[in-house]
Amino acid sequence: MLKLNIQTEAYWLELGLGVKVKVRPCTSPIFYAARAFMNKRLTELGAEYRKRKEIGASVDDLPDVENPEIREALAEEYLARGLARAAIIDWEGILESKGDAKAPVTPEKIDELMTGFWSIAASFSQQYTGVRELIEAEKKDLSVAPNGTSETAQDIAGTAPEHAKTARSKKTPPKA
């Protein structure tokens, strides 16, 4: 079941390591902008990879886009970066590399945060896209019933007779 309790105002997410980000609500336009960012980056990377392979140039500095696992990981990274670029409007706990000045919220700094700290990127993606809310909702549906079981269906098995044998009637030798 889905409740239409959609955020309409910017809100803060605590991402860990002392980092908080203020984000715009996760709406369809923001998600589709992030997906467009992801597709553009993957297309550019694929074109560069193919171009270099065709002319015999080195591709050692590029991810192996022919590997499906690497392509999937890149897609997730680019989607998270696209979401962060479209959503983050302010932050706390992000400082410039030199000194104690707060880092400005720019696309380049957002990319630096999302690519340099995987735990921050994962926390952002999970919280911002509502994955945690979905997991919590599933937990509620699968929670233990008041009588201490997690059953949701009627018991249709009858009681076994007292003289019934167990399924394993002889001992098996232990494995060496």
# chains A, B, ... in the order shown; residues from 1 in each chain; ligands from 1

call {"tool": "residues_around", "arguments": {"residues": "Ala121 of chain A", "least_positions_apart": "4", "cutoff": "9 Å", "atoms": "only C-alpha atoms", "output": "ChimeraX atom specification"}}
result
/A:15,77,80-81,84,113-117,125-126

call {"tool": "write_last_selection", "arguments": {"atoms": "all heavy atoms", "output": "PDB file, in the first residue's frame"}}
result
ATOM      1  N   LEU A  15      23.565  11.891   6.975  1.00  0.00           N
ATOM      2  CA  LEU A  15      24.203  10.836   6.195  1.00  0.00           C
ATOM      3  C   LEU A  15      25.315  10.096   6.918  1.00  0.00           C
ATOM      4  O   LEU A  15      25.872   9.143   6.387  1.00  0.00           O
ATOM      5  CB  LEU A  15      24.767  11.431   4.892  1.00  0.00           C
ATOM      6  CG  LEU A  15      23.758  12.172   4.019  1.00  0.00           C
ATOM      7  CD1 LEU A  15      24.441  12.691   2.766  1.00  0.00           C
ATOM      8  CD2 LEU A  15      22.580  11.280   3.670  1.00  0.00           C
ATOM      9  N   GLU A  77      26.361   4.570  -9.515  1.00  0.00           N
ATOM     10  CA  GLU A  77      27.132   5.749  -9.111  1.00  0.00           C
ATOM     11  C   GLU A  77      26.612   7.002  -9.801  1.00  0.00           C
ATOM     12  O   GLU A  77      26.380   8.028  -9.158  1.00  0.00           O
ATOM     13  CB  GLU A  77      28.610   5.575  -9.441  1.00  0.00           C
ATOM     14  CG  GLU A  77      29.410   6.827  -9.115  1.00  0.00           C
ATOM     15  CD  GLU A  77      30.788   6.875  -9.759  1.00  0.00           C
ATOM     16  OE1 GLU A  77      31.344   5.820 -10.104  1.00  0.00           O
ATOM     17  OE2 GLU A  77      31.302   7.995  -9.915  1.00  0.00           O
ATOM     18  N   ALA A  80      23.217   8.090  -8.430  1.00  0.00           N
ATOM     19  CA  ALA A  80      23.350   8.741  -7.118  1.00  0.00           C
ATOM     20  C   ALA A  80      23.904  10.157  -7.280  1.00  0.00           C
ATOM     21  O   ALA A  80      23.419  11.099  -6.642  1.00  0.00           O
ATOM     22  CB  ALA A  80      24.253   7.918  -6.204  1.00  0.00           C
ATOM     23  N   ARG A  81      24.901  10.318  -8.136  1.00  0.00           N
ATOM     24  CA  ARG A  81      25.461  11.658  -8.370  1.00  0.00           C
ATOM     25  C   ARG A  81      24.426  12.579  -8.989  1.00  0.00           C
ATOM     26  O   ARG A  81      24.312  13.747  -8.614  1.00  0.00           O
ATOM     27  CB  ARG A  81      26.695  11.568  -9.256  1.00  0.00           C
ATOM     28  CG  ARG A  81      27.923  11.111  -8.503  1.00  0.00           C
ATOM     29  CD  ARG A  81      29.130  10.887  -9.378  1.00  0.00           C
ATOM     30  NE  ARG A  81      29.428  11.984 -10.268  1.00  0.00           N
ATOM     31  CZ  ARG A  81      30.251  11.876 -11.299  1.00  0.00           C
ATOM     32  NH1 ARG A  81      30.863  10.730 -11.571  1.00  0.00           N
ATOM     33  NH2 ARG A  81      30.487  12.914 -12.085  1.00  0.00           N
ATOM     34  N   ALA A  84      21.943  13.549  -6.320  1.00  0.00           N
ATOM     35  CA  ALA A  84      22.555  14.502  -5.391  1.00  0.00           C
ATOM     36  C   ALA A  84      22.671  15.884  -6.031  1.00  0.00           C
ATOM     37  O   ALA A  84      22.364  16.896  -5.395  1.00  0.00           O
ATOM     38  CB  ALA A  84      23.927  13.998  -4.948  1.00  0.00           C
ATOM     39  N   LEU A 113      31.987  14.642  -3.135  1.00  0.00           N
ATOM     40  CA  LEU A 113      31.407  13.974  -1.961  1.00  0.00           C
ATOM     41  C   LEU A 113      30.888  12.588  -2.328  1.00  0.00           C
ATOM     42  O   LEU A 113      31.168  11.606  -1.644  1.00  0.00           O
ATOM     43  CB  LEU A 113      30.268  14.825  -1.381  1.00  0.00           C
ATOM     44  CG  LEU A 113      29.502  14.219  -0.209  1.00  0.00           C
ATOM     45  CD1 LEU A 113      30.395  14.061   1.011  1.00  0.00           C
ATOM     46  CD2 LEU A 113      28.272  15.062   0.106  1.00  0.00           C
ATOM     47  N   MET A 114      30.150  12.485  -3.414  1.00  0.00           N
ATOM     48  CA  MET A 114      29.514  11.227  -3.796  1.00  0.00           C
ATOM     49  C   MET A 114      30.513  10.185  -4.294  1.00  0.00           C
ATOM     50  O   MET A 114      30.284   8.984  -4.139  1.00  0.00           O
ATOM     51  CB  MET A 114      28.445  11.462  -4.870  1.00  0.00           C
ATOM     52  CG  MET A 114      27.228  12.216  -4.390  1.00  0.00           C
ATOM     53  SD  MET A 114      26.239  11.267  -3.235  1.00  0.00           S
ATOM     54  CE  MET A 114      26.216  12.372  -1.847  1.00  0.00           C
ATOM     55  N   THR A 115      31.615  10.610  -4.897  1.00  0.00           N
ATOM     56  CA  THR A 115      32.592   9.644  -5.407  1.00  0.00           C
ATOM     57  C   THR A 115      33.687   9.342  -4.395  1.00  0.00           C
ATOM     58  O   THR A 115      34.303   8.284  -4.455  1.00  0.00           O
ATOM     59  CB  THR A 115      33.236  10.122  -6.723  1.00  0.00           C
ATOM     60  OG1 THR A 115      33.892  11.374  -6.496  1.00  0.00           O
ATOM     61  CG2 THR A 115      32.215  10.254  -7.822  1.00  0.00           C
ATOM     62  N   GLY A 116      33.918  10.251  -3.449  1.00  0.00           N
ATOM     63  CA  GLY A 116      35.003  10.062  -2.504  1.00  0.00           C
ATOM     64  C   GLY A 116      34.621   9.312  -1.246  1.00  0.00           C
ATOM     65  O   GLY A 116      35.488   8.792  -0.538  1.00  0.00           O
ATOM     66  N   PHE A 117      33.331   9.240  -0.945  1.00  0.00           N
ATOM     67  CA  PHE A 117      32.879   8.619   0.299  1.00  0.00           C
ATOM     68  C   PHE A 117      31.693   7.715  -0.005  1.00  0.00           C
ATOM     69  O   PHE A 117      30.541   8.142   0.010  1.00  0.00           O
ATOM     70  CB  PHE A 117      32.486   9.704   1.312  1.00  0.00           C
ATOM     71  CG  PHE A 117      33.629  10.627   1.644  1.00  0.00           C
ATOM     72  CD1 PHE A 117      33.828  11.787   0.907  1.00  0.00           C
ATOM     73  CD2 PHE A 117      34.505  10.325   2.675  1.00  0.00           C
ATOM     74  CE1 PHE A 117      34.894  12.636   1.184  1.00  0.00           C
ATOM     75  CE2 PHE A 117      35.566  11.170   2.968  1.00  0.00           C
ATOM     76  CZ  PHE A 117      35.767  12.325   2.220  1.00  0.00           C
ATOM     77  N   SER A 125      21.581   7.810  -1.163  1.00  0.00           N
ATOM     78  CA  SER A 125      20.688   7.131  -2.115  1.00  0.00           C
ATOM     79  C   SER A 125      19.548   6.425  -1.404  1.00  0.00           C
ATOM     80  O   SER A 125      18.391   6.517  -1.818  1.00  0.00           O
ATOM     81  CB  SER A 125      21.468   6.120  -2.954  1.00  0.00           C
ATOM     82  OG  SER A 125      22.356   6.778  -3.803  1.00  0.00           O
ATOM     83  N   GLN A 126      19.872   5.705  -0.325  1.00  0.00           N
ATOM     84  CA  GLN A 126      18.844   4.963   0.401  1.00  0.00           C
ATOM     85  C   GLN A 126      17.824   5.888   1.037  1.00  0.00           C
ATOM     86  O   GLN A 126      16.616   5.664   0.931  1.00  0.00           O
ATOM     87  CB  GLN A 126      19.478   4.085   1.473  1.00  0.00           C
ATOM     88  CG  GLN A 126      20.241   2.923   0.915  1.00  0.00           C
ATOM     89  CD  GLN A 126      20.995   2.164   1.990  1.00  0.00           C
ATOM     90  OE1 GLN A 126      21.115   2.613   3.115  1.00  0.00           O
ATOM     91  NE2 GLN A 126      21.516   1.010   1.639  1.00  0.00           N
TER      92      GLN A 126
END

call {"tool": "residues_around", "arguments": {"residues": "segment 97-105 of chain A", "least_positions_apart": "3", "cutoff": "12 Å", "atoms": "only C-alpha atoms", "output": "list of chain:residue names"}}
result
A:Val19, A:Val21, A:Lys22, A:Val23, A:Ala84, A:Arg85, A:Ala86, A:Ala87, A:Ile88, A:Ile89, A:Asp90, A:Trp91, A:Glu92, A:Gly93, A:Ile94, A:Glu108, A:Lys109, A:Ile110, A:Asp111, A:Glu112, A:Leu113

call {"tool": "closest_residue", "arguments": {"among": "A:Gln127, A:Gln7, A:Thr27, A:Asn39", "to": "Glu72 of chain A", "atoms": "only C-alpha atoms"}}
result
A:Asn39

call {"tool": "closest_atom_pairs", "arguments": {"of": "segment 78-108 of chain A", "to": "segment 28-37 of chain A", "cutoff": "7 Å", "atoms": "only C-alpha atoms", "output": "Markdown table"}}
result
| residue | atom | partner | partner_atom | distance |
| --- | --- | --- | --- | --- |
| A:Leu79 | CA | A:Ala34 | CA | 5.7 |
| A:Gly82 | CA | A:Ala34 | CA | 4.0 |
| A:Leu83 | CA | A:Ala34 | CA | 4.9 |
| A:Ala86 | CA | A:Ile30 | CA | 6.0 |

call {"tool": "residues_around", "arguments": {"residues": "Glu48 of chain A", "least_positions_apart": "5", "cutoff": "9 Å", "atoms": "only C-alpha atoms", "output": "number ranges by chain"}}
result
A: 43, 53, 59, 62

call {"tool": "residues_around", "arguments": {"residues": "Pro25 of chain A", "least_positions_apart": "3", "cutoff": "7 Å", "atoms": "only C-alpha atoms", "output": "ChimeraX atom specification"}}
result
/A:7-10
